[in-house]
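File shown: model24.txt. Contents: compact mmCIF, C-alpha atoms.
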```txt
# COMPACT_ATOMS: atom_id res chain seq x y z
CA MET A 200 0.00 0.00 0.00
CA GLN A 201 1.28 3.45 -0.86
CA PRO A 202 2.13 5.65 2.17
CA GLY A 203 -0.35 8.29 1.00
CA ASN A 204 -3.19 5.77 0.91
CA ARG A 205 -2.35 4.47 4.38
CA LEU A 206 -2.35 8.02 5.72
CA PHE A 207 -5.67 8.74 4.03
CA ILE A 208 -7.34 5.70 5.61
CA TYR A 209 -5.96 6.66 9.04
CA LEU A 210 -7.12 10.27 8.73
CA LEU A 211 -10.50 9.18 7.42
CA GLY A 212 -10.98 7.03 10.52
CA LEU A 213 -10.11 9.95 12.78
CA LEU A 214 -12.41 12.25 10.83
CA CYS A 215 -15.36 9.87 11.08
CA THR A 216 -14.77 9.42 14.81
CA ALA A 217 -14.54 13.16 15.43
CA GLN A 218 -17.52 14.08 13.25
CA ALA A 219 -19.64 10.99 14.06
CA CYS A 220 -20.22 10.41 10.35
CA THR A 221 -22.44 7.70 8.97
CA PRO A 222 -21.03 5.26 6.39
CA ILE A 223 -20.08 6.83 3.07
CA LYS A 224 -22.79 6.27 0.48
CA LEU A 225 -23.00 6.27 -3.28
CA ASN A 226 -25.37 8.99 -4.43
CA VAL A 227 -27.91 7.53 -6.88
CA PRO A 228 -29.56 10.35 -8.89
CA ASP A 229 -33.24 10.84 -8.02
CA LYS A 230 -34.22 10.84 -11.69
CA PHE A 231 -32.70 7.38 -12.12
CA SER A 232 -33.82 5.85 -8.80
CA ALA A 233 -37.44 6.90 -9.46
CA ASN A 234 -37.46 4.66 -12.55
CA ALA A 235 -35.24 1.82 -11.35
CA THR A 236 -35.40 -1.14 -8.97
CA GLN A 237 -32.96 -1.33 -6.06
CA MET A 238 -31.84 -4.84 -5.05
CA HIS A 239 -29.58 -5.70 -2.12
CA VAL A 240 -27.09 -8.46 -2.92
CA LYS A 241 -27.00 -11.27 -0.36
CA GLY A 242 -24.23 -13.86 -0.10
CA LEU A 243 -21.16 -11.68 -0.71
CA ASN A 244 -19.94 -12.01 2.88
CA GLY A 245 -19.11 -15.00 5.02
CA TRP A 246 -18.14 -18.52 4.02
CA MET A 247 -17.02 -18.67 0.38
CA ILE A 248 -17.35 -22.45 -0.01
CA LYS A 249 -20.55 -23.23 -1.93
CA GLN A 250 -21.15 -19.49 -2.20
CA GLN A 251 -24.44 -18.37 -3.73
CA ILE A 252 -25.75 -14.85 -4.20
CA SER A 253 -29.25 -13.49 -4.65
CA PHE A 254 -30.84 -10.10 -5.24
CA GLY A 255 -34.39 -9.22 -6.20
CA LYS A 256 -35.72 -11.96 -8.47
CA TYR A 257 -32.23 -13.15 -9.38
CA GLN A 258 -30.55 -16.22 -7.91
CA SER A 259 -27.13 -17.68 -8.67
CA SER A 260 -25.94 -21.24 -8.74
CA ILE A 261 -23.00 -22.18 -6.52
CA VAL A 262 -20.05 -20.00 -7.52
CA LYS A 263 -17.24 -22.33 -8.59
CA ARG A 264 -13.88 -20.70 -7.94
CA GLY A 265 -10.32 -21.55 -8.82
CA TRP A 266 -7.39 -20.79 -6.56
CA ASN A 267 -6.72 -17.09 -5.96
CA THR A 268 -2.97 -17.36 -6.51
CA THR A 269 -0.16 -14.82 -6.14
CA THR A 270 3.41 -15.44 -7.25
CA SER A 271 6.33 -13.05 -6.79
CA ARG A 272 9.89 -12.80 -8.00
CA THR A 273 12.76 -10.48 -7.21
CA ASP A 274 14.12 -8.76 -10.31
CA ARG A 275 17.86 -8.54 -10.62
CA ASN A 276 19.21 -4.99 -10.61
CA THR A 277 21.20 -4.63 -13.82
CA GLN A 278 22.44 -1.17 -12.88
CA VAL A 279 23.27 0.13 -9.41
CA THR A 280 22.67 3.88 -9.23
CA VAL A 281 24.47 6.48 -7.12
CA GLU A 282 21.29 6.78 -5.07
CA ASP A 283 21.37 3.04 -4.34
CA ARG A 284 24.99 3.27 -3.14
CA LEU A 285 24.18 6.19 -0.84
CA LEU A 286 21.17 4.38 0.63
CA ARG A 287 23.28 1.31 1.36
CA LEU A 288 25.63 3.47 3.42
CA TYR A 289 22.65 4.18 5.68
CA GLY A 290 21.58 0.54 5.83
CA VAL A 291 18.82 0.72 3.21
CA ASN A 292 18.71 -1.93 0.50
CA ARG A 293 16.35 -1.56 -2.45
CA GLN A 294 15.11 -4.27 -4.78
CA ASN A 295 12.50 -4.57 -7.51
CA LEU A 296 9.67 -7.05 -6.98
CA THR A 297 7.21 -8.31 -9.61
CA SER A 298 4.01 -10.07 -8.50
CA ASN A 299 1.35 -11.89 -10.49
CA GLN A 300 -2.13 -12.51 -9.09
CA LYS A 301 -4.81 -14.61 -10.79
CA ASP A 302 -8.34 -15.66 -9.94
CA LYS A 303 -11.21 -17.24 -11.86
CA PHE A 304 -14.81 -18.18 -11.18
CA GLN A 305 -17.96 -19.35 -12.94
CA TYR A 306 -21.65 -19.56 -12.08
CA THR A 307 -25.15 -19.27 -13.53
CA LEU A 308 -27.59 -16.45 -12.79
CA GLU A 309 -31.32 -16.92 -13.39
CA ASN A 310 -34.53 -14.98 -12.91
CA GLY A 311 -36.90 -17.97 -12.75
CA ASN A 312 -37.49 -18.12 -16.51
CA LYS A 313 -34.13 -17.60 -18.18
CA ALA A 314 -30.49 -17.89 -17.21
CA ILE A 315 -27.01 -16.69 -18.15
CA GLU A 316 -23.81 -18.61 -17.50
CA ILE A 317 -20.78 -16.50 -16.56
CA PHE A 318 -17.09 -17.45 -16.90
CA ALA A 319 -14.70 -14.85 -15.45
CA ILE A 320 -10.94 -14.39 -15.05
CA GLU A 321 -8.97 -11.74 -13.13
CA LYS A 322 -5.29 -10.98 -13.62
CA LYS A 323 -3.03 -8.40 -12.01
CA ILE A 324 0.67 -7.83 -12.67
CA SER A 325 2.45 -5.25 -10.52
CA GLU A 326 6.02 -4.03 -10.18
CA GLN A 327 7.20 -2.28 -7.06
CA THR A 328 10.38 -1.10 -5.41
CA VAL A 329 10.88 -2.49 -1.90
CA ALA A 330 13.19 -0.76 0.57
CA ASN A 331 14.49 -2.93 3.43
CA TYR A 332 15.93 -1.18 6.49
CA ASN A 333 18.55 -2.67 8.80
CA LEU A 334 16.71 -1.35 11.84
CA PRO A 335 13.94 -3.86 12.76
CA ILE A 336 11.71 -1.07 14.07
CA LEU A 337 11.53 0.44 10.56
CA GLY A 338 10.88 -2.83 8.75
CA SER A 339 10.35 -2.16 5.03
CA SER A 340 8.37 0.05 2.68
CA SER A 341 7.29 -0.29 -0.94
CA THR A 342 6.39 1.96 -3.86
CA VAL A 343 4.35 0.77 -6.84
CA LYS A 344 6.09 1.43 -10.16
CA ASN A 345 3.32 0.13 -12.40
CA TYR A 346 0.52 -2.40 -12.55
CA GLN A 347 -1.93 -3.86 -15.05
CA TYR A 348 -5.29 -5.25 -13.93
CA THR A 349 -7.63 -7.08 -16.31
CA PHE A 350 -11.05 -8.55 -15.62
CA SER A 351 -12.59 -10.47 -18.50
CA ALA A 352 -15.79 -12.49 -18.65
CA VAL A 353 -17.90 -14.41 -21.14
CA LEU A 354 -21.67 -14.34 -20.59
CA LEU A 355 -23.58 -17.12 -22.34
CA PRO A 356 -27.42 -16.82 -22.38
CA LEU A 357 -29.29 -20.07 -21.69
CA LYS A 358 -32.94 -21.21 -21.63
CA GLY A 359 -34.08 -19.15 -24.58
CA GLY A 360 -32.37 -15.90 -23.61
CA LYS A 361 -30.50 -13.70 -26.08
CA GLU A 362 -28.45 -16.20 -28.05
CA ALA A 363 -25.31 -14.24 -28.91
CA PRO A 364 -22.64 -14.57 -26.18
CA TRP A 365 -21.35 -11.38 -24.59
CA GLN A 366 -17.74 -10.55 -23.79
CA MET A 367 -16.98 -8.14 -20.95
CA ILE A 368 -13.63 -6.57 -20.10
CA LEU A 369 -12.47 -4.08 -17.45
CA THR A 370 -8.88 -2.81 -17.33
CA ASN A 371 -6.90 -0.56 -15.00
CA VAL A 372 -3.35 0.45 -15.89
CA PHE A 373 -1.02 2.49 -13.67
CA ASP A 374 2.44 3.75 -14.66
CA ALA A 375 4.35 5.84 -12.12
CA LYS A 376 6.18 7.61 -14.97
CA LYS A 377 2.84 9.00 -16.21
CA ASP A 378 1.46 9.70 -12.74
CA THR A 379 0.40 13.31 -12.17
CA ALA A 380 -0.25 12.94 -8.42
CA ARG A 381 2.13 15.21 -6.52
CA ARG A 382 0.34 16.17 -3.32
CA ILE A 383 -0.38 13.73 -0.50
CA PHE A 384 -4.12 13.42 -1.24
CA ASP A 385 -3.85 13.42 -5.04
CA LEU A 386 -5.22 10.28 -6.66
CA PRO A 387 -2.74 8.38 -8.83
CA TYR A 388 -3.32 8.62 -12.57
CA VAL A 389 -4.89 5.36 -13.73
CA GLU A 390 -6.09 4.54 -17.24
CA GLU A 391 -9.49 2.86 -16.87
CA ASN A 392 -11.57 1.20 -19.57
CA GLY A 393 -14.60 -1.05 -19.40
CA PHE A 394 -17.12 -2.35 -21.91
CA ALA A 395 -19.13 -5.39 -22.98
CA THR A 396 -20.39 -6.41 -26.40
CA ASN A 397 -22.02 -9.25 -28.31
CA GLY A 398 -20.83 -7.91 -31.66
CA THR A 399 -24.01 -5.90 -32.22
CA ASP A 400 -24.97 -4.18 -28.98
CA SER A 401 -22.62 -2.79 -26.35
CA VAL A 402 -22.53 -1.73 -22.71
CA THR A 403 -19.99 0.77 -21.35
CA ILE A 404 -18.70 0.46 -17.78
CA TYR A 405 -17.93 3.72 -15.95
CA PRO A 406 -16.33 3.87 -12.46
CA VAL A 407 -18.21 5.99 -9.90
CA ARG A 408 -16.36 7.77 -7.10
CA VAL A 409 -17.67 9.68 -4.10
CA LYS A 410 -16.17 12.58 -2.18
CA GLU A 411 -18.99 13.34 0.23
CA MET A 412 -20.15 11.75 3.47
CA THR A 413 -23.16 12.38 5.69
CA LEU A 414 -22.47 13.66 9.20
CA LYS A 415 -24.54 12.80 12.28
CA ASN A 416 -26.33 16.16 12.09
CA GLY A 417 -27.42 15.40 8.53
CA LYS A 418 -25.02 17.82 6.89
CA GLN A 419 -22.68 16.82 4.08
CA GLY A 420 -18.93 16.61 4.63
CA LYS A 421 -16.19 16.17 2.05
CA LEU A 422 -13.43 13.57 1.89
CA PRO A 423 -9.86 14.57 0.99
CA VAL A 424 -10.00 12.36 -2.14
CA GLN A 425 -12.62 10.56 -4.18
CA MET A 426 -13.23 6.91 -3.27
CA LEU A 427 -14.22 4.26 -5.79
CA SER A 428 -17.77 3.32 -4.79
CA GLY A 429 -19.18 1.41 -7.75
CA TYR A 430 -19.92 1.45 -11.45
CA GLU A 431 -22.49 2.69 -13.95
CA LEU A 432 -23.55 0.53 -16.89
CA ARG A 433 -24.59 2.57 -19.91
CA MET A 434 -26.28 1.72 -23.19
CA ASP A 435 -26.64 4.25 -26.01
CA GLY A 436 -25.25 6.93 -23.70
CA GLY A 437 -27.86 6.43 -20.96
CA VAL A 438 -27.44 4.83 -17.53
CA VAL A 439 -29.29 1.49 -17.34
CA ALA A 440 -27.76 0.05 -14.15
CA ILE A 441 -25.76 1.19 -11.12
CA ILE A 442 -23.54 -1.05 -9.00
CA ASP A 443 -23.15 0.19 -5.41
CA ASN A 444 -20.13 -1.55 -3.89
CA LEU A 445 -20.44 0.33 -0.59
CA ASP A 446 -23.95 -0.82 0.35
CA ARG A 447 -23.84 -3.92 -1.91
CA ASN A 448 -26.83 -2.86 -3.99
CA ILE A 449 -27.65 -3.20 -7.68
CA TRP A 450 -30.01 -0.78 -9.40
CA ILE A 451 -31.53 -1.72 -12.79
CA TYR A 452 -33.63 0.58 -14.95
CA ASN A 453 -37.25 -0.59 -15.23
CA ASP A 454 -38.08 0.48 -18.78
CA ILE A 455 -36.03 -2.18 -20.59
CA ASP A 456 -36.91 -5.72 -21.66
CA GLU A 457 -36.47 -8.76 -19.42
CA ASP A 458 -33.56 -10.25 -21.40
CA THR A 459 -31.56 -7.03 -21.13
CA GLN A 460 -32.31 -6.74 -17.42
CA LEU A 461 -31.01 -10.28 -16.89
CA LEU A 462 -27.88 -9.44 -18.89
CA LEU A 463 -27.23 -6.32 -16.80
CA ALA A 464 -27.83 -8.28 -13.59
CA ALA A 465 -25.26 -10.86 -14.72
CA MET A 466 -22.68 -8.17 -15.52
CA ALA A 467 -23.26 -6.39 -12.22
CA SER A 468 -23.04 -9.57 -10.15
CA ALA A 469 -19.81 -10.62 -11.89
CA LEU A 470 -18.21 -7.28 -11.04
CA MET A 471 -19.25 -7.64 -7.40
CA LEU A 472 -17.86 -11.19 -7.11
CA ARG A 473 -14.30 -10.17 -7.95
CA ARG A 474 -11.60 -10.80 -5.35
CA VAL A 475 -8.47 -9.19 -6.85
CA HIS A 476 -7.90 -5.59 -5.77
CA ASP A 477 -7.93 -3.41 -8.91
CA GLU A 478 -6.50 -0.10 -7.66
CA VAL A 479 -3.10 1.23 -6.61
CA GLU A 480 -2.41 -0.03 -3.08
```

Let me see the file written as structure tokens.
Amino acid sequence: MQPGNRLFIYLLGLLCTAQACTPIKLNVPDKFSANATQMHVKGLNGWMIKQQISFGKYQSSIVKRGWNTTTSRTDRNTQVTVEDRLLRLYGVNRQNLTSNQKDKFQYTLENGNKAIEIFAIEKKISEQTVANYNLPILGSSSTVKNYQYTFSAVLLPLKGGKEAPWQMILTNVFDAKKDTARRIFDLPYVEENGFATNGTDSVTIYPVRVKEMTLKNGKQGKLPVQMLSGYELRMDGGVVAIIDNLDRNIWIYNDIDEDTQLLLAAMASALMLRRVHDEVE
């Protein structure tokens, strides 16, 4: 985790304690919520063996998961800089570490009449510089140099649903050389892209971040930085679904056909079932 992020979490805890704030919430626009159905997702917490989720009229099969694996290797320094030599004089040794994390899962989501089968894979590759200190009290620290996160899924309609399979992909790419964050509460620059398509129709995935919280007296307070709170799913430029990761809710627009609602529910549930962290730590 980056030092700035650790400090932010610590300060946020102090701020909430001092101001007696309620949990941070994603703000769903009134115009959308008045024409959409809110569904709380059950089954995301607790025992993950034989995990099943449900929300509204939607029910999943048992979520079959592979191993969530992480492998790391220390990269050999091909060139020792003057800075490295100076740090070693003070008992600080730096090394580059590359880690690979993978996870996969599959399940079926149905609404009582039709179903969609989902096959999903997550991958994250990150490179970081680790500084080890000779003094045990200091331990070590790390700085992320770059990372690439990819979530991809295939959604296959069953039981007479829309026949064409859908492919969904969500990517986050961070490169410290391109990062514009300079102040302690600046968010790192991350290239984010998300979409799904069956070759004819498409859905765009937009991240949603919040910067406000509700205080005990009902007034609104502001956070130092924006926090990722969920996603919007859009078709033809309009919002058709909202995924609220904070309260574990899914909102789906009412004025669309049943097949499309099932498709959006499948996409939203797949995004909520991910286990690999997809932001700079």

**OP:** Tell me which of A:Gln300, A:Thr349, A:Gln366, A:Ser325 sits closest to A:Val402, counting only C-alpha atoms.
**Re:**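 Among A:Gln300, A:Thr349, A:Gln366, A:Ser325, it is A:Gln366 that comes nearest to A:Val402.
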
**OP:** Could you tell me how far atom CA of A:Gly265 lies from atom CA of A:Ile320, in Å and to one decimal?
**Re:**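 Separation of atom CA of A:Gly265 and atom CA of A:Ile320: 9.5 Å.
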
Original post:
Any idea what the distance is between atom CA of A:Trp246 and atom CA of A:Ala440?
Top reply: 27.7 Å

Original post:
Hey, which of A:Asp229, A:Ile404, A:Lys410, A:Gly393 ends up closest to A:Ile442? Count all atoms listed in the file.
Top reply: A:Ile404

Original post:
Can you tell me, as a ChimeraX atom specification, which residues sit within 12 Å of (-25.3, -14.8, -14.6) in the file's frame, using all atoms listed in the file?
Top reply: /A:251-254,257-262,304-310,313-319,352-357,360,364-365,458-472

For those residues, write C-alpha atoms to a file as a tab-separated table (two decimals), in the frame of the given file.
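That gives us part.tsv:
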```
chain	number	residue	atom	x	y	z
A	251	GLN	CA	-24.44	-18.37	-3.73
A	252	ILE	CA	-25.75	-14.85	-4.20
A	253	SER	CA	-29.25	-13.49	-4.65
A	254	PHE	CA	-30.84	-10.10	-5.24
A	257	TYR	CA	-32.23	-13.15	-9.38
A	258	GLN	CA	-30.55	-16.22	-7.91
A	259	SER	CA	-27.13	-17.68	-8.67
A	260	SER	CA	-25.94	-21.24	-8.74
A	261	ILE	CA	-23.00	-22.18	-6.52
A	262	VAL	CA	-20.05	-20.00	-7.52
A	304	PHE	CA	-14.81	-18.18	-11.18
A	305	GLN	CA	-17.96	-19.35	-12.94
A	306	TYR	CA	-21.65	-19.56	-12.08
A	307	THR	CA	-25.15	-19.27	-13.53
A	308	LEU	CA	-27.59	-16.45	-12.79
A	309	GLU	CA	-31.32	-16.92	-13.39
A	310	ASN	CA	-34.53	-14.98	-12.91
A	313	LYS	CA	-34.13	-17.60	-18.18
A	314	ALA	CA	-30.49	-17.89	-17.21
A	315	ILE	CA	-27.01	-16.69	-18.15
A	316	GLU	CA	-23.81	-18.61	-17.50
A	317	ILE	CA	-20.78	-16.50	-16.56
A	318	PHE	CA	-17.09	-17.45	-16.90
A	319	ALA	CA	-14.70	-14.85	-15.45
A	352	ALA	CA	-15.79	-12.49	-18.65
A	353	VAL	CA	-17.90	-14.41	-21.14
A	354	LEU	CA	-21.67	-14.34	-20.59
A	355	LEU	CA	-23.58	-17.12	-22.34
A	356	PRO	CA	-27.42	-16.82	-22.38
A	357	LEU	CA	-29.29	-20.07	-21.69
A	360	GLY	CA	-32.37	-15.90	-23.61
A	364	PRO	CA	-22.64	-14.57	-26.18
A	365	TRP	CA	-21.35	-11.38	-24.59
A	458	ASP	CA	-33.56	-10.25	-21.40
A	459	THR	CA	-31.56	-7.03	-21.13
A	460	GLN	CA	-32.31	-6.74	-17.42
A	461	LEU	CA	-31.01	-10.28	-16.89
A	462	LEU	CA	-27.88	-9.44	-18.89
A	463	LEU	CA	-27.23	-6.32	-16.80
A	464	ALA	CA	-27.83	-8.28	-13.59
A	465	ALA	CA	-25.26	-10.86	-14.72
A	466	MET	CA	-22.68	-8.17	-15.52
A	467	ALA	CA	-23.26	-6.39	-12.22
A	468	SER	CA	-23.04	-9.57	-10.15
A	469	ALA	CA	-19.81	-10.62	-11.89
A	470	LEU	CA	-18.21	-7.28	-11.04
A	471	MET	CA	-19.25	-7.64	-7.40
A	472	LEU	CA	-17.86	-11.19	-7.11
```

Subject >> Close residues, A:Asn345 itself excluded, 6 Å, only C-alpha atoms, min 3 positions apart in chain, as a count of residues only >> reply: 5

Residues at most 10 Å from stretch 425-438 of chain A, counting only C-alpha atoms, excluding those fewer than 3 positions away in the same chain, as a JSON list (two decimals) with C-alpha atoms, keeping the file's coordinate frame?
```json
[["chain", "number", "residue", "atom", "x", "y", "z"],
["A", 223, "ILE", "CA", -20.08, 6.83, 3.07],
["A", 224, "LYS", "CA", -22.79, 6.27, 0.48],
["A", 225, "LEU", "CA", -23.00, 6.27, -3.28],
["A", 226, "ASN", "CA", -25.37, 8.99, -4.43],
["A", 231, "PHE", "CA", -32.70, 7.38, -12.12],
["A", 384, "PHE", "CA", -4.12, 13.42, -1.24],
["A", 385, "ASP", "CA", -3.85, 13.42, -5.04],
["A", 386, "LEU", "CA", -5.22, 10.28, -6.66],
["A", 393, "GLY", "CA", -14.60, -1.05, -19.40],
["A", 394, "PHE", "CA", -17.12, -2.35, -21.91],
["A", 395, "ALA", "CA", -19.13, -5.39, -22.98],
["A", 400, "ASP", "CA", -24.97, -4.18, -28.98],
["A", 401, "SER", "CA", -22.62, -2.79, -26.35],
["A", 402, "VAL", "CA", -22.53, -1.73, -22.71],
["A", 403, "THR", "CA", -19.99, 0.77, -21.35],
["A", 404, "ILE", "CA", -18.70, 0.46, -17.78],
["A", 405, "TYR", "CA", -17.93, 3.72, -15.95],
["A", 406, "PRO", "CA", -16.33, 3.87, -12.46],
["A", 407, "VAL", "CA", -18.21, 5.99, -9.90],
["A", 408, "ARG", "CA", -16.36, 7.77, -7.10],
["A", 409, "VAL", "CA", -17.67, 9.68, -4.10],
["A", 410, "LYS", "CA", -16.17, 12.58, -2.18],
["A", 411, "GLU", "CA", -18.99, 13.34, 0.23],
["A", 421, "LYS", "CA", -16.19, 16.17, 2.05],
["A", 422, "LEU", "CA", -13.43, 13.57, 1.89],
["A", 441, "ILE", "CA", -25.76, 1.19, -11.12],
["A", 442, "ILE", "CA", -23.54, -1.05, -9.00],
["A", 443, "ASP", "CA", -23.15, 0.19, -5.41],
["A", 444, "ASN", "CA", -20.13, -1.55, -3.89],
["A", 445, "LEU", "CA", -20.44, 0.33, -0.59],
["A", 446, "ASP", "CA", -23.95, -0.82, 0.35],
["A", 447, "ARG", "CA", -23.84, -3.92, -1.91],
["A", 448, "ASN", "CA", -26.83, -2.86, -3.99],
["A", 449, "ILE", "CA", -27.65, -3.20, -7.68],
["A", 450, "TRP", "CA", -30.01, -0.78, -9.40],
["A", 451, "ILE", "CA", -31.53, -1.72, -12.79],
["A", 452, "TYR", "CA", -33.63, 0.58, -14.95],
["A", 463, "LEU", "CA", -27.23, -6.32, -16.80],
["A", 466, "MET", "CA", -22.68, -8.17, -15.52],
["A", 467, "ALA", "CA", -23.26, -6.39, -12.22],
["A", 470, "LEU", "CA", -18.21, -7.28, -11.04],
["A", 471, "MET", "CA", -19.25, -7.64, -7.40],
["A", 478, "GLU", "CA", -6.50, -0.10, -7.66]]
```

Subject >> Distance in Å - atom CA of A:Ile368 versus atom CA of A:Val240 >> reply: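 Here the two named atoms are 21.9 Å from each other.
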
Subject >> Shortest interatomic distance to A:Lys241 - which of A:Arg474, A:Thr273, A:Pro228, A:Gly255, counting only C-alpha atoms >> reply: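 Looking only at the distances to A:Lys241, the closest residue turns out to be A:Gly255.
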
Original post:
When distances are computed from all atoms listed in the file, which of A:His239, A:Arg264, A:Lys230, A:Lys303 shows the smallest separation from A:Phe350?
Top reply: A:Lys303

Return as JSON the box centre and box size in Å, one decimal, for an axis-aligned box around all listed atoms of stretch 294-299 of chain A padded by 6 Å per side.
```
{"center_x": 8.2, "center_y": -8.1, "center_z": -7.6, "size_x": 25.8, "size_y": 19.6, "size_z": 17.7}
```

Original post:
From the list A:Leu296, A:Ile455, A:Met247, A:Met367, which residue is nearest A:Glu321 when using only C-alpha atoms?
Top reply: A:Met367

Original post:
Which residue out of A:Val372, A:Asp456, A:Lys256, A:Thr270 has the minimum interatomic distance to A:Gln237 when all atoms listed in the file are used?
Top reply: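 Looking only at the distances to A:Gln237, the closest residue turns out to be A:Lys256.
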